[in-house]
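**Student:** Contents of my_file.pdb (PDB, C-alpha atoms):
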ATOM      1  CA  MET K   1     240.358 -36.014   7.454
ATOM      2  CA  ILE K   2     238.201 -34.970  10.429
ATOM      3  CA  LYS K   3     237.100 -31.865   8.546
ATOM      4  CA  LEU K   4     235.974 -33.997   5.628
ATOM      5  CA  ILE K   5     233.946 -36.255   7.912
ATOM      6  CA  ASN K   6     232.342 -33.218   9.596
ATOM      7  CA  LEU K   7     231.384 -31.795   6.190
ATOM      8  CA  LYS K   8     229.689 -35.047   5.213
ATOM      9  CA  ARG K   9     227.685 -35.052   8.475
ATOM     10  CA  LYS K  10     226.224 -31.569   7.836
ATOM     11  CA  LYS K  11     222.792 -31.675   6.309
ATOM     12  CA  ALA K  12     222.084 -29.778   3.107
ATOM     13  CA  PHE K  13     218.819 -28.884   1.429
ATOM     14  CA  THR K  14     217.410 -31.678  -0.652
ATOM     15  CA  LEU K  15     216.247 -31.116  -4.200
ATOM     16  CA  VAL K  16     212.625 -31.540  -3.099
ATOM     17  CA  GLU K  17     213.006 -28.828  -0.450
ATOM     18  CA  LEU K  18     214.499 -26.432  -3.009
ATOM     19  CA  VAL K  19     211.655 -27.111  -5.478
ATOM     20  CA  ILE K  20     209.069 -26.466  -2.753
ATOM     21  CA  VAL K  21     210.718 -23.158  -1.792
ATOM     22  CA  LEU K  22     210.796 -22.074  -5.446
ATOM     23  CA  ALA K  23     207.139 -23.045  -5.880
ATOM     24  CA  VAL K  24     206.128 -20.994  -2.822
ATOM     25  CA  ILE K  25     208.086 -17.989  -4.119
ATOM     26  CA  GLY K  26     206.411 -18.411  -7.528
ATOM     27  CA  VAL K  27     202.926 -18.485  -5.979
ATOM     28  CA  LEU K  28     203.641 -15.388  -3.877
ATOM     29  CA  ALA K  29     204.993 -13.554  -6.925
ATOM     30  CA  GLY K  30     201.885 -14.573  -8.880
ATOM     31  CA  ILE K  31     199.691 -13.070  -6.174
ATOM     32  CA  LEU K  32     201.697  -9.891  -5.543
ATOM     33  CA  LEU K  33     202.579  -8.900  -9.116
ATOM     34  CA  PRO K  34     198.991  -8.145 -10.259
ATOM     35  CA  VAL K  35     198.353  -6.282  -7.001
ATOM     36  CA  MET K  36     201.442  -4.147  -7.539
ATOM     37  CA  ILE K  37     200.545  -3.469 -11.183
ATOM     38  CA  GLY K  38     197.009  -2.531 -10.091
ATOM     39  CA  ALA K  39     198.410  -0.139  -7.492
ATOM     40  CA  VAL K  40     200.562   1.587 -10.108
ATOM     41  CA  ARG K  41     197.602   1.913 -12.494
ATOM     42  CA  SER K  42     195.411   3.271  -9.693
ATOM     43  CA  ALA K  43     198.087   5.825  -8.823
ATOM     44  CA  ASN K  44     198.301   6.909 -12.482
ATOM     45  CA  VAL K  45     194.521   7.341 -12.660
ATOM     46  CA  ALA K  46     194.474   9.289  -9.372
ATOM     47  CA  SER K  47     197.217  11.567 -10.697
ATOM     48  CA  ALA K  48     195.323  12.114 -13.967
ATOM     49  CA  ASN K  49     192.108  12.883 -12.035
ATOM     50  CA  THR K  50     194.000  15.454  -9.960
ATOM     51  CA  SER K  51     195.383  17.015 -13.140
ATOM     52  CA  ALA K  52     191.893  17.117 -14.670
ATOM     53  CA  ASN K  53     190.609  18.836 -11.552
ATOM     54  CA  ASP K  54     193.468  21.390 -11.701
ATOM     55  CA  VAL K  55     192.693  22.267 -15.329
ATOM     56  CA  ARG K  56     188.958  22.428 -14.577
ATOM     57  CA  LYS K  57     189.514  24.820 -11.648
ATOM     58  CA  PHE K  58     191.808  27.001 -13.756
ATOM     59  CA  ILE K  59     189.298  27.347 -16.606
ATOM     60  CA  ASN K  60     186.480  28.077 -14.141
ATOM     61  CA  THR K  61     188.617  30.794 -12.556
ATOM     62  CA  TRP K  62     189.338  32.276 -15.981
ATOM     63  CA  ILE K  63     185.624  32.300 -16.930
ATOM     64  CA  THR K  64     184.801  34.008 -13.615
ATOM     65  CA  GLN K  65     187.511  36.635 -14.218
ATOM     66  CA  MET K  66     186.196  37.321 -17.720
ATOM     67  CA  ASP K  67     182.659  37.771 -16.353
ATOM     68  CA  ALA K  68     184.012  40.109 -13.648
ATOM     69  CA  LYS K  69     185.726  42.223 -16.344
ATOM     70  CA  GLY K  70     182.432  42.492 -18.187
ATOM     71  CA  HIS K  71     183.808  40.346 -21.009
ATOM     72  CA  THR K  72     181.000  37.857 -20.813
ATOM     73  CA  VAL K  73     181.798  34.874 -22.950
ATOM     74  CA  ASN K  74     179.094  33.393 -25.121
ATOM     75  CA  LYS K  75     177.942  30.163 -23.535
ATOM     76  CA  SER K  76     175.018  29.200 -25.761
ATOM     77  CA  ARG K  77     173.931  25.605 -25.417
ATOM     78  CA  ASN K  78     172.105  23.268 -27.740
ATOM     79  CA  ALA K  79     171.162  19.618 -27.534
ATOM     80  CA  GLU K  80     173.662  18.486 -30.169
ATOM     81  CA  ASN K  81     176.800  20.309 -29.098
ATOM     82  CA  GLU K  82     177.847  21.322 -25.617
ATOM     83  CA  PRO K  83     179.988  24.450 -25.439
ATOM     84  CA  SER K  84     183.561  23.379 -24.774
ATOM     85  CA  ILE K  85     187.139  24.519 -24.421
ATOM     86  CA  THR K  86     189.881  22.235 -25.727
ATOM     87  CA  VAL K  87     193.401  22.662 -24.377
ATOM     88  CA  ILE K  88     196.338  20.917 -26.046
ATOM     89  CA  ALA K  89     199.853  21.410 -24.717
ATOM     90  CA  ASP K  90     202.896  20.150 -26.559
ATOM     91  CA  LYS K  91     206.244  20.720 -24.809
ATOM     92  CA  GLY K  92     204.724  23.582 -22.815
ATOM     93  CA  ILE K  93     203.149  25.351 -25.831
ATOM     94  CA  TYR K  94     199.417  25.692 -25.315
ATOM     95  CA  ALA K  95     196.778  25.720 -28.041
ATOM     96  CA  ILE K  96     193.284  26.588 -26.853
ATOM     97  CA  THR K  97     190.224  26.105 -29.004
ATOM     98  CA  PHE K  98     186.686  27.153 -28.227
ATOM     99  CA  SER K  99     183.748  25.286 -29.718
ATOM    100  CA  GLU K 100     181.616  27.182 -32.239
ATOM    101  CA  ASN K 101     179.002  28.027 -29.616
ATOM    102  CA  PHE K 102     181.551  29.369 -27.120
ATOM    103  CA  TRP K 103     183.687  32.393 -27.883
ATOM    104  CA  ALA K 104     185.833  34.927 -26.136
ATOM    105  CA  TYR K 105     187.595  38.125 -27.116
ATOM    106  CA  ASP K 106     190.999  37.563 -28.730
ATOM    107  CA  GLU K 107     192.816  39.419 -25.958
ATOM    108  CA  ASP K 108     191.057  37.271 -23.356
ATOM    109  CA  GLU K 109     192.051  34.118 -25.205
ATOM    110  CA  ASP K 110     195.692  35.308 -25.295
ATOM    111  CA  GLU K 111     195.506  36.076 -21.576
ATOM    112  CA  MET K 112     194.181  32.573 -20.921
ATOM    113  CA  LYS K 113     197.103  31.017 -22.840
ATOM    114  CA  ARG K 114     199.573  33.090 -20.834
ATOM    115  CA  LEU K 115     197.913  32.206 -17.534
ATOM    116  CA  LEU K 116     197.680  28.517 -18.474
ATOM    117  CA  ASN K 117     201.371  28.473 -19.267
ATOM    118  CA  GLU K 118     202.182  30.231 -16.010
ATOM    119  CA  HIS K 119     199.963  28.055 -13.844
ATOM    120  CA  LEU K 120     200.178  24.609 -15.417
ATOM    121  CA  VAL K 121     203.733  24.599 -16.761
ATOM    122  CA  ILE K 122     205.593  26.750 -14.261
ATOM    123  CA  ASN K 123     203.647  25.990 -11.067
ATOM    124  CA  LEU K 124     202.510  22.415 -11.695
ATOM    125  CA  GLY K 125     204.936  21.141 -14.347
ATOM    126  CA  TYR K 126     202.357  19.975 -16.932
ATOM    127  CA  HIS K 127     204.175  20.314 -20.260
ATOM    128  CA  GLU K 128     202.045  17.922 -22.323
ATOM    129  CA  LEU K 129     198.330  17.267 -22.140
ATOM    130  CA  VAL K 130     195.079  17.029 -24.008
ATOM    131  CA  ALA K 131     192.026  18.286 -22.127
ATOM    132  CA  ILE K 132     188.478  19.163 -23.063
ATOM    133  CA  GLY K 133     186.162  21.003 -20.693
ATOM    134  CA  TYR K 134     182.399  21.069 -21.216
ATOM    135  CA  ILE K 135     180.677  24.293 -20.202
ATOM    136  CA  ASP K 136     177.260  24.318 -18.543
ATOM    137  CA  ARG K 137     175.652  27.286 -16.779
ATOM    138  CA  GLY K 138     178.754  29.455 -17.033
ATOM    139  CA  ALA K 139     181.286  26.979 -15.623
ATOM    140  CA  VAL K 140     183.163  23.830 -16.567
ATOM    141  CA  ALA K 141     180.722  21.109 -15.577
ATOM    142  CA  ALA K 142     182.962  18.256 -16.713
ATOM    143  CA  LEU K 143     186.532  17.933 -17.927
ATOM    144  CA  CYS K 144     188.602  15.045 -19.247
ATOM    145  CA  TYR K 145     192.385  14.979 -19.365
ATOM    146  CA  CYS K 146     194.939  12.768 -21.063
ATOM    147  CA  VAL K 147     198.734  13.016 -21.169
ATOM    148  CA  ASN K 148     198.944  11.045 -24.413
ATOM    149  CA  LEU K 149     199.230  13.658 -27.156
ATOM    150  CA  SER K 150     198.364  11.092 -29.810
ATOM    151  CA  GLU K 151     194.947  10.716 -28.171
ATOM    152  CA  SER K 152     192.227  12.304 -30.290
ATOM    153  CA  THR K 153     189.750  14.520 -28.479
ATOM    154  CA  ASP K 154     187.056  12.381 -30.144
ATOM    155  CA  ASP K 155     188.347   9.403 -28.117
ATOM    156  CA  LEU K 156     187.996  11.259 -24.809
ATOM    157  CA  PRO K 157     184.761  11.066 -22.808
ATOM    158  CA  GLN K 158     182.010  13.319 -24.134
ATOM    159  CA  TYR K 159     179.750  15.422 -21.924
ATOM    160  CA  ALA K 160     176.997  12.784 -21.651
ATOM    161  CA  ASP K 161     179.553  10.108 -20.689
ATOM    162  CA  PHE K 162     180.121  11.721 -17.286
ATOM    163  CA  TRP K 163     176.728  10.499 -16.100
ATOM    164  CA  ARG K 164     176.916   6.973 -17.512
ATOM    165  CA  THR K 165     177.735   4.022 -15.292
ATOM    166  CA  ASP K 166     179.099   1.867 -18.120
ATOM    167  CA  TYR K 167     181.594   4.211 -19.778
ATOM    168  CA  TRP K 168     184.867   2.372 -19.114
ATOM    169  CA  THR K 169     184.833  -0.575 -21.493
ATOM    170  CA  SER K 170     187.916  -2.116 -19.907
ATOM    171  CA  GLY K 171     186.131  -2.328 -16.558
ATOM    172  CA  THR K 172     188.826  -0.220 -14.894
ATOM    173  CA  ASN K 173     187.982   3.356 -13.953
ATOM    174  CA  GLY K 174     190.247   5.814 -15.734
ATOM    175  CA  ILE K 175     191.793   3.263 -18.114
ATOM    176  CA  ALA K 176     190.527   3.308 -21.697
ATOM    177  CA  ALA K 177     190.159   0.052 -23.650
ATOM    178  CA  ASP K 178     193.544   0.676 -25.312
ATOM    179  CA  GLY K 179     195.233   1.131 -21.902
ATOM    180  CA  THR K 180     195.426   4.938 -22.054
ATOM    181  CA  VAL K 181     195.047   6.675 -18.687
ATOM    182  CA  ILE K 182     192.346   9.353 -18.774
ATOM    183  CA  GLY K 183     191.617  11.664 -15.867
ATOM    184  CA  THR K 184     188.173  13.114 -15.383
ATOM    185  CA  SER K 185     186.681  15.777 -13.170
ATOM    186  CA  PRO K 186     184.233  14.851 -11.790
ATOM    187  CA  GLN K 187     185.560  11.327 -11.801
ATOM    188  CA  ILE K 188     183.679   8.892 -14.048
ATOM    189  CA  LEU K 189     183.087   5.635 -12.216
ATOM    190  CA  ASN K 190     181.883   2.234 -13.356
ATOM    191  CA  GLY K 191     178.690   1.453 -11.497
TER     192      GLY K 191
END
Please express the file's structure as structure tokens.

**Tutor:**
Amino acid sequence: MIKLINLKRKKAFTLVELVIVLAVIGVLAGILLPVMIGAVRSANVASANTSANDVRKFINTWITQMDAKGHTVNKSRNAENEPSITVIADKGIYAITFSENFWAYDEDEDEMKRLLNEHLVINLGYHELVAIGYIDRGAVAALCYCVNLSESTDDLPQYADFWRTDYWTSGTNGIAADGTVIGTSPQILNG
């Protein structure tokens, strides 16, 4: 009987107190959730920018090696079409395409595929990607990278887009309007 009386004397949380605690937790979750989602998106963009920079450095190294061998690649430029190299990897199989105004010897192209596979797949673990590098003055001046293989190269930033301050329509650097993460090197920024 004494135990029962002692239990009745103990105070418990009232319904109002519980509702207030739940409301505070809800407000904190409402504040923290977007911040956490933004941090994840920022990390994905940073990773894609690093990948774009890796691919850009690799292609620049390859172009330098070809020039050193005396296998100068044709890097003609016109106002309508920048010379470019497109790299598409699907499950570690690389397809490299040169634009019409950029060519290389077949054996050099095969060497580039082998080196890309060795460097990007074996060393860095990139098994799937779509990248397009724009050539200016004998080097990759700008490169965009996307891990979404369904992404068309037409949907990736073009050469002129790298110097625009209004490229990202979603307002978020590195996130396309459809939510696709695109890495660029140099990084395209909004404003």

**Student:** For the file shown, report as a ChimeraX atom specification the outcome of the PyMOL selection byres ((chain K and resi 133) around 12) at residue level.

**Tutor:** /K:52-60,63,82-88,96-99,102,130-132,134-136,138-145,153,156-159,162,183-186

**Student:** Taking all atoms listed in the file into account, which of K:Asn173, K:Tyr167, K:Gly179, K:Asn190 comes nearest K:Ser42?

**Tutor:**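 The answer is K:Asn173, which sits nearest to K:Ser42.
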
**Student:** Go ahead and find all residues with at least one atom no further than 8 Å from (187.0, 9.2, -7.9) in the file's coordinates, using all atoms listed in the file; report them as a list in words.

**Tutor:**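 The residues that fall inside the cut-off are Ala46, Asn49, Pro186, Gln187, Ile188 and Leu189 of chain K.
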
**Student:** Measure the distance from atom CA of K:Val121 to atom CA of K:Asp90 in Å and round it to one decimal.

**Tutor:**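 Distance between the two atoms: 10.8 Å.
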
**Student:** Nearest to K:Thr64: which of K:Met112, K:Val35, K:Val181, K:Val27 is it, counting only C-alpha atoms?

**Tutor:**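 Result for the nearest residue to K:Thr64: K:Met112.
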
**Student:** Give, as JSON, the centre coordinates and the x, y and z edge lengths in Å to one decimal for an axis-aligned box around all listed atoms of stretch 103-113 of chain K, padded by 5 Å on each side.

**Tutor:**
{"center_x": 190.4, "center_y": 35.2, "center_z": -24.8, "size_x": 23.4, "size_y": 18.4, "size_z": 17.8}

**Student:** Report, in Å with one decimal, the straight-line distance from atom CA of K:Asn117 to atom CA of K:Ser51.

**Tutor:**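 Distance reported for this atom pair: 14.3 Å.
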
**Student:** What does the distance between atom CA of K:Val24 and atom CA of K:Ile37 come to in Å, to one decimal place?

**Tutor:**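 Pair atom CA of K:Val24 / atom CA of K:Ile37 returns 20.2 Å.
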
**Student:** Within 12 Å of (191.4, 2.2, -23.6), all atoms listed in the file: residues as a list in words?

**Tutor:**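 The requested residues, written out, are Cys146, Asn148, Glu151, Asp155, Leu156, Pro157, Tyr167, Trp168, Thr169, Ser170, Gly171, Thr172, Asn173, Gly174, Ile175, Ala176, Ala177, Asp178, Gly179, Thr180, Val181 and Ile182 of chain K.
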